[in-house]
$ cat protein_30.cif   # mmCIF, N, CA and C atoms
data_query
loop_
_atom_site.label_atom_id
_atom_site.label_comp_id
_atom_site.auth_asym_id
_atom_site.auth_seq_id
_atom_site.Cartn_x
_atom_site.Cartn_y
_atom_site.Cartn_z
N MET A 1 88.94 66.45 47.54
CA MET A 1 88.98 67.60 46.66
C MET A 1 90.35 68.25 46.81
N TYR A 2 90.89 68.68 45.68
CA TYR A 2 92.16 69.39 45.72
C TYR A 2 91.96 70.77 46.33
N VAL A 3 92.82 71.10 47.28
CA VAL A 3 92.80 72.42 47.91
C VAL A 3 93.86 73.29 47.25
N CYS A 4 95.04 72.72 47.02
CA CYS A 4 96.16 73.45 46.43
C CYS A 4 96.54 72.81 45.11
N LEU A 5 96.28 73.52 44.05
CA LEU A 5 96.62 72.99 42.73
C LEU A 5 98.11 73.15 42.44
N CYS A 6 98.75 74.15 43.02
CA CYS A 6 100.18 74.36 42.80
C CYS A 6 101.00 73.18 43.33
N HIS A 7 100.60 72.65 44.49
CA HIS A 7 101.35 71.57 45.13
C HIS A 7 100.61 70.24 45.12
N GLY A 8 99.36 70.26 44.71
CA GLY A 8 98.61 69.03 44.54
C GLY A 8 98.20 68.34 45.83
N PHE A 9 97.91 69.12 46.89
CA PHE A 9 97.40 68.46 48.09
C PHE A 9 95.91 68.68 48.25
N THR A 10 95.31 67.76 49.00
CA THR A 10 93.85 67.68 49.10
C THR A 10 93.35 68.10 50.47
N ASP A 11 92.04 68.28 50.56
CA ASP A 11 91.43 68.60 51.85
C ASP A 11 91.65 67.47 52.85
N THR A 12 91.67 66.23 52.38
CA THR A 12 91.92 65.10 53.27
C THR A 12 93.31 65.19 53.87
N GLN A 13 94.30 65.54 53.06
CA GLN A 13 95.65 65.69 53.58
C GLN A 13 95.73 66.82 54.61
N VAL A 14 95.05 67.93 54.34
CA VAL A 14 95.04 69.04 55.29
C VAL A 14 94.37 68.60 56.59
N ARG A 15 93.22 67.95 56.50
CA ARG A 15 92.54 67.47 57.71
C ARG A 15 93.42 66.50 58.50
N ASP A 16 94.13 65.65 57.79
CA ASP A 16 95.00 64.68 58.47
C ASP A 16 96.11 65.38 59.26
N VAL A 17 96.75 66.38 58.67
CA VAL A 17 97.83 67.06 59.40
C VAL A 17 97.28 67.93 60.52
N VAL A 18 96.08 68.47 60.34
CA VAL A 18 95.44 69.23 61.42
C VAL A 18 95.12 68.29 62.58
N ALA A 19 94.68 67.10 62.28
CA ALA A 19 94.37 66.13 63.33
C ALA A 19 95.60 65.70 64.11
N THR A 20 96.78 65.84 63.51
CA THR A 20 98.01 65.46 64.21
C THR A 20 98.59 66.61 65.02
N GLY A 21 97.93 67.77 64.98
CA GLY A 21 98.37 68.85 65.85
C GLY A 21 98.73 70.17 65.19
N CYS A 22 98.64 70.25 63.88
CA CYS A 22 98.91 71.54 63.23
C CYS A 22 97.85 72.54 63.66
N THR A 23 98.29 73.71 64.13
CA THR A 23 97.34 74.68 64.68
C THR A 23 97.25 75.96 63.86
N SER A 24 97.97 76.03 62.75
CA SER A 24 97.92 77.23 61.92
C SER A 24 98.14 76.86 60.46
N VAL A 25 97.85 77.82 59.61
CA VAL A 25 98.07 77.62 58.17
C VAL A 25 99.55 77.36 57.91
N SER A 26 100.42 78.10 58.58
CA SER A 26 101.87 77.90 58.42
C SER A 26 102.28 76.49 58.81
N ASP A 27 101.71 75.99 59.92
CA ASP A 27 102.01 74.61 60.34
C ASP A 27 101.63 73.61 59.26
N VAL A 28 100.46 73.81 58.67
CA VAL A 28 99.99 72.89 57.63
C VAL A 28 100.96 72.88 56.45
N TYR A 29 101.35 74.06 55.98
CA TYR A 29 102.28 74.11 54.84
C TYR A 29 103.63 73.51 55.19
N ARG A 30 104.13 73.76 56.40
CA ARG A 30 105.39 73.15 56.81
C ARG A 30 105.29 71.63 56.82
N ARG A 31 104.19 71.12 57.35
CA ARG A 31 104.02 69.67 57.45
C ARG A 31 103.89 69.05 56.06
N LEU A 32 103.24 69.75 55.16
CA LEU A 32 103.08 69.21 53.81
C LEU A 32 104.30 69.50 52.93
N GLY A 33 105.27 70.23 53.49
CA GLY A 33 106.56 70.37 52.85
C GLY A 33 106.73 71.50 51.86
N ASP A 34 105.90 72.50 51.93
CA ASP A 34 106.06 73.58 50.96
C ASP A 34 105.47 74.88 51.47
N LEU A 35 105.74 75.95 50.76
CA LEU A 35 105.15 77.25 51.03
C LEU A 35 104.09 77.53 49.98
N PRO A 36 103.08 78.33 50.30
CA PRO A 36 102.08 78.66 49.29
C PRO A 36 102.73 79.43 48.14
N GLN A 37 102.29 79.17 46.92
CA GLN A 37 102.82 79.88 45.77
C GLN A 37 101.86 80.99 45.35
N CYS A 38 100.74 80.63 44.76
CA CYS A 38 99.81 81.66 44.28
C CYS A 38 98.91 82.18 45.40
N ARG A 39 98.83 81.43 46.50
CA ARG A 39 98.09 81.77 47.72
C ARG A 39 96.57 81.71 47.57
N LYS A 40 96.06 81.22 46.48
CA LYS A 40 94.61 81.08 46.32
C LYS A 40 94.03 80.03 47.26
N CYS A 41 94.86 79.11 47.73
CA CYS A 41 94.39 78.04 48.60
C CYS A 41 94.40 78.43 50.08
N VAL A 42 95.07 79.51 50.44
CA VAL A 42 95.23 79.87 51.85
C VAL A 42 93.88 80.01 52.57
N PRO A 43 92.86 80.68 52.00
CA PRO A 43 91.58 80.76 52.72
C PRO A 43 90.95 79.40 53.01
N GLU A 44 91.06 78.47 52.08
CA GLU A 44 90.49 77.14 52.30
C GLU A 44 91.28 76.37 53.35
N VAL A 45 92.60 76.47 53.32
CA VAL A 45 93.42 75.82 54.34
C VAL A 45 93.08 76.41 55.71
N CYS A 46 92.93 77.71 55.78
CA CYS A 46 92.57 78.38 57.03
C CYS A 46 91.22 77.86 57.55
N ALA A 47 90.25 77.73 56.67
CA ALA A 47 88.93 77.23 57.06
C ALA A 47 89.03 75.79 57.59
N LEU A 48 89.86 74.97 56.97
CA LEU A 48 90.02 73.59 57.42
C LEU A 48 90.72 73.52 58.78
N VAL A 49 91.68 74.43 59.01
CA VAL A 49 92.33 74.49 60.32
C VAL A 49 91.32 74.90 61.39
N ARG A 50 90.52 75.90 61.09
CA ARG A 50 89.48 76.33 62.05
C ARG A 50 88.49 75.21 62.33
N GLN A 51 88.08 74.52 61.29
CA GLN A 51 87.14 73.41 61.45
C GLN A 51 87.77 72.33 62.33
N GLY A 52 89.03 72.05 62.13
CA GLY A 52 89.73 71.06 62.94
C GLY A 52 89.78 71.45 64.40
N ARG A 53 89.93 72.73 64.67
CA ARG A 53 89.94 73.20 66.05
C ARG A 53 88.59 72.98 66.70
N LEU A 54 87.52 73.16 65.95
CA LEU A 54 86.18 72.97 66.50
C LEU A 54 85.88 71.50 66.75
N ASP A 55 86.48 70.63 65.94
CA ASP A 55 86.22 69.20 66.05
C ASP A 55 87.02 68.53 67.16
N CYS A 56 88.03 69.21 67.71
CA CYS A 56 88.90 68.61 68.72
C CYS A 56 88.69 69.28 70.07
N PRO A 57 88.81 68.52 71.14
CA PRO A 57 88.72 69.12 72.47
C PRO A 57 89.84 70.13 72.68
N GLU A 58 89.58 71.16 73.45
CA GLU A 58 90.56 72.21 73.71
C GLU A 58 91.85 71.65 74.28
N ALA A 59 91.76 70.63 75.11
CA ALA A 59 92.95 70.06 75.73
C ALA A 59 93.95 69.56 74.69
N VAL A 60 93.46 69.00 73.60
CA VAL A 60 94.35 68.50 72.55
C VAL A 60 95.12 69.67 71.95
N TRP A 61 94.45 70.80 71.70
CA TRP A 61 95.12 71.95 71.10
C TRP A 61 96.11 72.56 72.07
N MET A 62 95.79 72.56 73.36
CA MET A 62 96.71 73.11 74.34
C MET A 62 97.98 72.26 74.42
N GLU A 63 97.84 70.94 74.36
CA GLU A 63 99.00 70.06 74.39
C GLU A 63 99.86 70.24 73.15
N ALA A 64 99.23 70.42 72.00
CA ALA A 64 99.96 70.60 70.75
C ALA A 64 100.76 71.89 70.74
N ALA A 65 100.24 72.91 71.42
CA ALA A 65 100.90 74.21 71.43
C ALA A 65 102.12 74.22 72.35
N GLU A 66 102.19 73.29 73.29
CA GLU A 66 103.30 73.28 74.25
C GLU A 66 104.55 72.68 73.68
#

$ encode --input "protein_30.cif" --output "structure tokens"
Amino acid sequence: MYVCLCHGFTDTQVRDVVATGCTSVSDVYRRLGDLPQCRKCVPEVCALVRQGRLDCPEAVWMEAAE
């Protein structure tokens, strides 16, 4: 499903970058190469980042933050 219509990225793309260590909405947008425009997608991106944190062991997030 498309999360951001302005930039054309999907929930799968967001989940993929979260799985590689993105720990915030800003990280996700940086990794996908753009800044939010209309910002309607920010709540959904935030929810996907939170979901990714719940799906990963804490140790993975601690290593990513270092």

$ resolve_selection --input "protein_30.cif" --expression "the PyMOL selection byres ((chain A and resi 11-28) around 6.5)" --output "list in words"
Met1, Tyr2, Val3, Cys4, Phe9, Thr10, Tyr29, Arg30, Arg31, Leu32, Gly33, Val45, Cys46, Leu48, Val49, Gly52 and Ala64 of chain A

$ select_by_dssp --input "protein_30.cif" --residues "chain A" --states "strand (DSSP E)" --output "PyMOL selection string"
chain A and resi 2-4+9-10

$ select_by_dssp --input "protein_30.cif" --residues "chain A" --states "alpha helix (DSSP H)" --output "VMD selection string"
chain A and resid 11 to 19 25 to 32 42 to 55 58 to 65

$ atom_distance --input "protein_30.cif" --atom1 "atom N of Asp34 of chain A" --atom2 "atom C of Arg53 of chain A"
22.8 Å

$ atom_distance --input "protein_30.cif" --atom1 "atom CA of Arg39 of chain A" --atom2 "atom N of Leu54 of chain A"
22.8 Å

$ atom_distance --input "protein_30.cif" --atom1 "atom N of His7 of chain A" --atom2 "atom N of Ala47 of chain A"
16.8 Å

$ decode --input "protein_30.cif" --residues "segment 36-58 of chain A" --atoms "N, CA and C atoms" --output "compact mmCIF listing (two decimals), in the first residue's frame"
# COMPACT_ATOMS: atom_id res chain seq x y z
N PRO A 36 9.27 15.03 3.92
CA PRO A 36 7.82 15.03 3.72
C PRO A 36 7.38 16.35 3.10
N GLN A 37 6.40 16.29 2.21
CA GLN A 37 5.88 17.50 1.58
C GLN A 37 4.58 17.91 2.25
N CYS A 38 3.51 17.19 2.01
CA CYS A 38 2.21 17.58 2.58
C CYS A 38 2.06 17.10 4.02
N ARG A 39 2.89 16.14 4.42
CA ARG A 39 2.96 15.58 5.78
C ARG A 39 1.78 14.70 6.17
N LYS A 40 0.90 14.40 5.26
CA LYS A 40 -0.23 13.51 5.58
C LYS A 40 0.24 12.09 5.87
N CYS A 41 1.41 11.72 5.39
CA CYS A 41 1.92 10.36 5.57
C CYS A 41 2.69 10.19 6.88
N VAL A 42 3.07 11.27 7.53
CA VAL A 42 3.91 11.19 8.72
C VAL A 42 3.31 10.29 9.81
N PRO A 43 2.01 10.39 10.13
CA PRO A 43 1.47 9.49 11.16
C PRO A 43 1.60 8.01 10.81
N GLU A 44 1.41 7.67 9.55
CA GLU A 44 1.53 6.26 9.14
C GLU A 44 2.98 5.81 9.19
N VAL A 45 3.90 6.65 8.76
CA VAL A 45 5.32 6.31 8.84
C VAL A 45 5.71 6.12 10.31
N CYS A 46 5.24 6.99 11.17
CA CYS A 46 5.51 6.89 12.60
C CYS A 46 4.99 5.56 13.16
N ALA A 47 3.79 5.18 12.78
CA ALA A 47 3.21 3.91 13.24
C ALA A 47 4.04 2.72 12.76
N LEU A 48 4.54 2.78 11.54
CA LEU A 48 5.35 1.68 11.01
C LEU A 48 6.71 1.61 11.73
N VAL A 49 7.27 2.76 12.08
CA VAL A 49 8.52 2.77 12.85
C VAL A 49 8.28 2.16 14.23
N ARG A 50 7.20 2.54 14.87
CA ARG A 50 6.88 1.97 16.19
C ARG A 50 6.66 0.46 16.10
N GLN A 51 5.94 0.04 15.08
CA GLN A 51 5.70 -1.39 14.88
C GLN A 51 7.02 -2.13 14.68
N GLY A 52 7.92 -1.54 13.93
CA GLY A 52 9.22 -2.15 13.70
C GLY A 52 10.02 -2.29 14.98
N ARG A 53 9.89 -1.33 15.87
CA ARG A 53 10.58 -1.40 17.15
C ARG A 53 10.04 -2.55 17.99
N LEU A 54 8.75 -2.79 17.91
CA LEU A 54 8.14 -3.88 18.68
C LEU A 54 8.52 -5.24 18.12
N ASP A 55 8.75 -5.29 16.80
CA ASP A 55 9.07 -6.55 16.15
C ASP A 55 10.53 -6.96 16.29
N CYS A 56 11.40 -6.04 16.73
CA CYS A 56 12.83 -6.31 16.82
C CYS A 56 13.28 -6.36 18.28
N PRO A 57 14.24 -7.20 18.58
CA PRO A 57 14.79 -7.23 19.94
C PRO A 57 15.43 -5.89 20.28
N GLU A 58 15.37 -5.51 21.53
CA GLU A 58 15.93 -4.23 22.00
C GLU A 58 17.40 -4.09 21.64
